[in-house]
$ cat entry_0.txt   # compact mmCIF, C-alpha atoms and all ligand atoms
# COMPACT_ATOMS: atom_id res chain seq x y z
CA MET V 235 79.45 126.98 100.49
CA ASN V 236 79.54 125.90 104.10
CA ASP V 237 82.54 126.91 106.19
CA GLU V 238 82.06 124.44 109.03
CA LYS V 239 85.25 122.53 109.75
CA HIS V 240 83.56 119.20 110.35
CA ASN V 241 80.84 119.36 107.75
CA PRO V 242 79.96 115.67 107.12
CA GLU V 243 79.20 116.35 103.47
CA GLU V 244 82.71 117.71 103.00
CA ASN V 245 84.26 114.60 104.55
CA ASP V 246 82.10 112.43 102.34
CA ASP V 247 83.25 114.28 99.24
CA VAL V 248 86.91 113.89 100.15
CA ARG V 249 86.40 110.19 100.96
CA LEU V 250 84.56 109.67 97.69
CA TYR V 251 87.36 111.43 95.79
CA GLN V 252 89.93 109.04 97.28
CA LYS V 253 87.75 106.00 96.54
CA ILE V 254 87.26 106.98 92.91
CA ALA V 255 90.95 107.77 92.45
CA ASP V 256 91.99 104.45 94.03
CA ARG V 257 89.51 102.40 92.02
CA THR V 258 90.42 104.18 88.77
CA ALA V 259 94.09 103.37 89.37
CA GLU V 260 93.20 99.69 89.93
CA ILE V 261 91.13 99.54 86.76
CA LEU V 262 93.93 101.15 84.76
CA GLN V 263 96.40 98.61 86.14
CA GLU V 264 94.10 95.69 85.35
CA GLY V 265 93.78 96.28 81.63
CA ARG V 266 93.77 98.49 78.60
CA LYS V 267 90.96 100.86 79.45
CA SER V 268 91.38 104.56 78.70
CA ILE V 269 91.48 106.96 81.61
CA ASP V 270 87.98 108.19 80.75
CA ASP V 271 86.56 104.66 80.66
CA ALA V 272 88.32 103.69 83.87
CA LEU V 273 86.99 106.78 85.65
CA LYS V 274 83.47 106.14 84.41
CA LYS V 275 83.60 102.49 85.48
CA ALA V 276 84.99 103.39 88.92
CA SER V 277 82.28 106.03 89.48
CA GLU V 278 79.53 103.63 88.37
CA GLU V 279 80.78 100.82 90.61
CA ILE V 280 80.99 103.07 93.63
CA ALA V 281 77.52 104.55 93.00
CA ALA V 282 76.16 100.99 92.63
CA GLY V 283 77.62 100.20 96.06
CA GLY V 284 74.93 102.43 97.54
CA ASP V 285 76.96 104.69 99.84
CA PHE V 286 76.95 107.51 97.30
CA THR V 287 74.49 108.67 94.67
CA ARG V 288 75.26 108.55 90.98
CA GLU V 289 75.21 112.38 90.91
CA GLN V 290 77.77 112.59 93.72
CA ALA V 291 80.02 110.02 92.06
CA GLU V 292 79.80 111.86 88.75
CA LYS V 293 80.56 115.25 90.30
CA ILE V 294 83.53 113.99 92.32
CA GLY V 295 84.70 111.84 89.37
CA ASN V 296 84.95 115.07 87.39
CA TYR V 297 87.24 116.55 90.05
CA VAL V 298 89.51 113.50 89.82
CA ARG V 299 89.49 113.86 86.04
CA ARG V 300 90.34 117.56 86.30
CA ASP V 301 93.29 116.85 88.61
CA LEU V 302 94.59 114.12 86.29
CA THR V 303 94.33 116.57 83.40
CA GLU V 304 96.27 119.14 85.35
CA VAL V 305 99.05 116.66 86.08
CA GLY V 306 99.07 115.63 82.41
CA VAL V 307 99.64 119.20 81.29
CA LYS V 308 102.48 119.57 83.77
CA ILE V 309 104.10 116.32 82.59
CA LYS V 310 103.96 117.60 79.02
CA GLN V 311 105.68 120.82 80.04
CA ALA V 312 108.27 118.95 82.09
CA ARG V 313 108.93 116.52 79.25
CA GLU V 314 109.47 119.34 76.77
CA THR V 315 111.86 121.06 79.15
CA VAL V 316 113.83 117.85 79.69
CA ILE V 317 113.93 116.95 75.99
CA ASN V 318 114.86 120.48 74.90
CA ALA V 319 117.68 120.47 77.42
CA ALA V 320 119.10 117.18 76.10
CA GLU V 321 122.56 117.43 74.62
CA PRO V 322 122.45 117.20 70.80
CA HIS V 323 125.07 114.44 70.59
CA ARG V 324 122.98 112.28 72.89
CA LEU V 325 119.88 112.83 70.77
CA ALA V 326 121.85 112.02 67.61
CA ALA V 327 122.96 108.75 69.19
CA GLY V 328 119.35 107.94 70.13
CA VAL V 329 120.13 107.99 73.81
CA GLN V 330 117.62 109.48 76.17
CA SER V 331 118.19 110.17 79.84
CA GLY V 332 116.24 108.11 82.36
CA LEU V 333 114.02 111.01 83.26
CA ALA V 334 113.14 111.88 79.66
CA ARG V 335 112.32 108.23 79.03
CA LEU V 336 110.14 108.04 82.08
CA LEU V 337 108.30 111.23 81.22
CA ASN V 338 107.74 109.99 77.70
CA ALA V 339 106.24 106.73 78.92
CA ALA V 340 103.86 108.44 81.34
CA ALA V 341 103.04 111.30 79.00
CA ASP V 342 101.82 108.98 76.24
CA VAL V 343 98.81 108.24 78.38
CA LEU V 344 98.39 111.59 80.02
CA THR V 345 98.98 114.22 77.37
CA ASP V 346 96.28 113.10 74.92
CA PHE V 347 93.94 113.15 77.80
CA ALA V 348 95.17 116.56 78.99
CA GLN V 349 95.11 118.23 75.58
CA ARG V 350 91.43 117.59 75.15
CA SER V 351 90.47 119.63 78.17
CA GLU V 352 93.33 122.02 78.81
CA LYS V 353 90.99 125.00 78.98
CA VAL V 354 89.04 123.86 82.01
CA LEU V 355 91.96 124.07 84.41
CA GLU V 356 90.42 126.55 86.79
CA PHE V 357 89.86 125.46 90.34
CA HIS V 358 86.93 126.76 92.35
CA THR V 359 85.99 127.07 96.00
CA GLY V 360 83.82 124.11 96.99
CA GLU V 361 85.50 121.63 94.63
CA VAL V 362 87.63 118.75 95.91
CA THR V 363 91.25 118.54 94.78
CA SER V 364 94.46 116.65 95.51
CA PRO V 365 97.54 118.19 97.21
CA GLY V 366 99.31 121.04 95.43
CA THR V 367 99.50 124.83 95.40
CA LEU V 368 96.48 126.94 94.49
CA THR V 369 97.10 130.54 93.44
CA CYS V 370 94.20 132.97 93.73
CA LYS V 371 93.34 134.59 90.41
CA GLY V 372 92.12 137.68 92.29
CA CYS V 373 95.06 138.59 94.54
CA GLY V 374 97.80 136.05 93.77
CA LYS V 375 97.88 134.60 97.28
CA GLU V 376 99.03 130.97 97.42
CA MET V 377 97.43 128.16 99.40
CA HIS V 378 99.57 125.08 99.94
CA LEU V 379 97.36 122.00 100.18
CA ARG V 380 99.00 119.00 101.85
CA ALA V 381 96.00 116.71 101.63
CA THR V 382 93.00 116.15 99.41
CA VAL V 383 90.52 118.82 100.53
CA ARG V 384 87.49 120.77 99.54
CA ILE V 385 88.82 124.13 98.33
CA PRO V 386 88.06 127.04 100.72
CA PRO V 387 87.65 130.68 99.60
CA CYS V 388 90.90 132.67 99.22
CA PRO V 389 92.12 133.55 102.74
CA GLY V 390 93.33 136.91 101.35
CA CYS V 391 90.49 138.31 99.28
CA HIS V 392 87.71 135.66 99.62
CA LYS V 393 87.51 135.15 95.89
CA THR V 394 86.86 131.65 94.59
CA ILE V 395 88.91 130.99 91.43
CA PHE V 396 92.42 129.51 91.47
CA ARG V 397 95.17 128.08 89.28
CA LYS V 398 97.09 125.02 90.43
CA SER V 399 100.78 124.22 90.48
CA TYR V 400 103.04 121.68 92.19
ZN ZN X 1 92.73 136.16 96.78

$ encode --input "entry_0.txt" --output "structure tokens"
Amino acid sequence: MNDEKHNPEENDDVRLYQKIADRTAEILQEGRKSIDDALKKASEEIAAGGDFTREQAEKIGNYVRRDLTEVGVKIKQARETVINAAEPHRLAAGVQSGLARLLNAAADVLTDFAQRSEKVLEFHTGEVTSPGTLTCKGCGKEMHLRATVRIPPCPGCHKTIFRKSY
């Protein structure tokens, strides 16, 4: 782990993360590929472009995948909360609120994906992740990330394992 603020490798990793995420979104919008297939295709294309190695693209692709999984788990929890809170007479009439409907539509794609890898949702110093809140598993200190960054050590206790929330 290198603590330099302007480490070129760190900038490359963050740039690569954004490229893979953007390309994966495009591939998903183009057709009926699964998230895994779209991620794989995006990583391969970008590695073939020559600016990044296959190993780099695979490593950073896994961070994108991990963040998508994390969001998928959260959507599942949010959906359950919204559906459980629905008034029984509305459910009986088959009427769902706009938010519940929206969460259902998004969750169909994301929850399957999330359920398969729910156990890996630990975040480590040195990995790249999207904005959100990381909570240190050692001391409970929170770091609020406003951009996609490479995760630093905990500013409180210097430990390196975190949970994420939004
Ligand atoms: Zn800590």

$ residues_near_ligand --input "entry_0.txt" --ligand "ligand ZN 1 (chain X)" --cutoff "6 Å" --atoms "all atoms listed in the file" --output "NGL selection string"
:V and (370 or 372-375 or 388 or 390-393)

$ closest_residue --input "entry_0.txt" --among "V:Thr258, V:Ser268, V:Asn245, V:Thr363" --to "Tyr297 of chain V" --atoms "all atoms listed in the file"
V:Thr363

$ axis_aligned_box --input "entry_0.txt" --around "segment 282-288 of chain V" --padding-each-side "5 Å" --output "AutoDock Vina command-line options"
--center_x 76.1 --center_y 104.4 --center_z 95.4 --size_x 13.1 --size_y 18.5 --size_z 18.9

$ atom_distance --input "entry_0.txt" --atom1 "atom CA of Ile254 of chain V" --atom2 "atom CA of Lys308 of chain V"
21.8 Å

$ residues_around --input "entry_0.txt" --residues "Ser277 of chain V" --least-positions-apart "4" --cutoff "10 Å" --atoms "only C-alpha atoms" --output "number ranges by chain"
V: 250-251, 253-255, 257-258, 271-273, 281-283, 286-296

$ atom_distance --input "entry_0.txt" --atom1 "atom CA of Asp247 of chain V" --atom2 "atom CA of Gln263 of chain V"
24.3 Å

$ atom_distance --input "entry_0.txt" --atom1 "atom CA of Ile395 of chain V" --atom2 "atom CA of Leu368 of chain V"
9.1 Å

$ closest_residue --input "entry_0.txt" --among "V:Arg266, V:Glu304, V:Asp285, V:Glu244" --to "Pro386 of chain V" --atoms "only C-alpha atoms"
V:Glu244

$ residues_around --input "entry_0.txt" --residues "Arg380 of chain V" --least-positions-apart "4" --cutoff "9 Å" --atoms "only C-alpha atoms" --output "PyMOL selection string"
chain V and resi 364-367
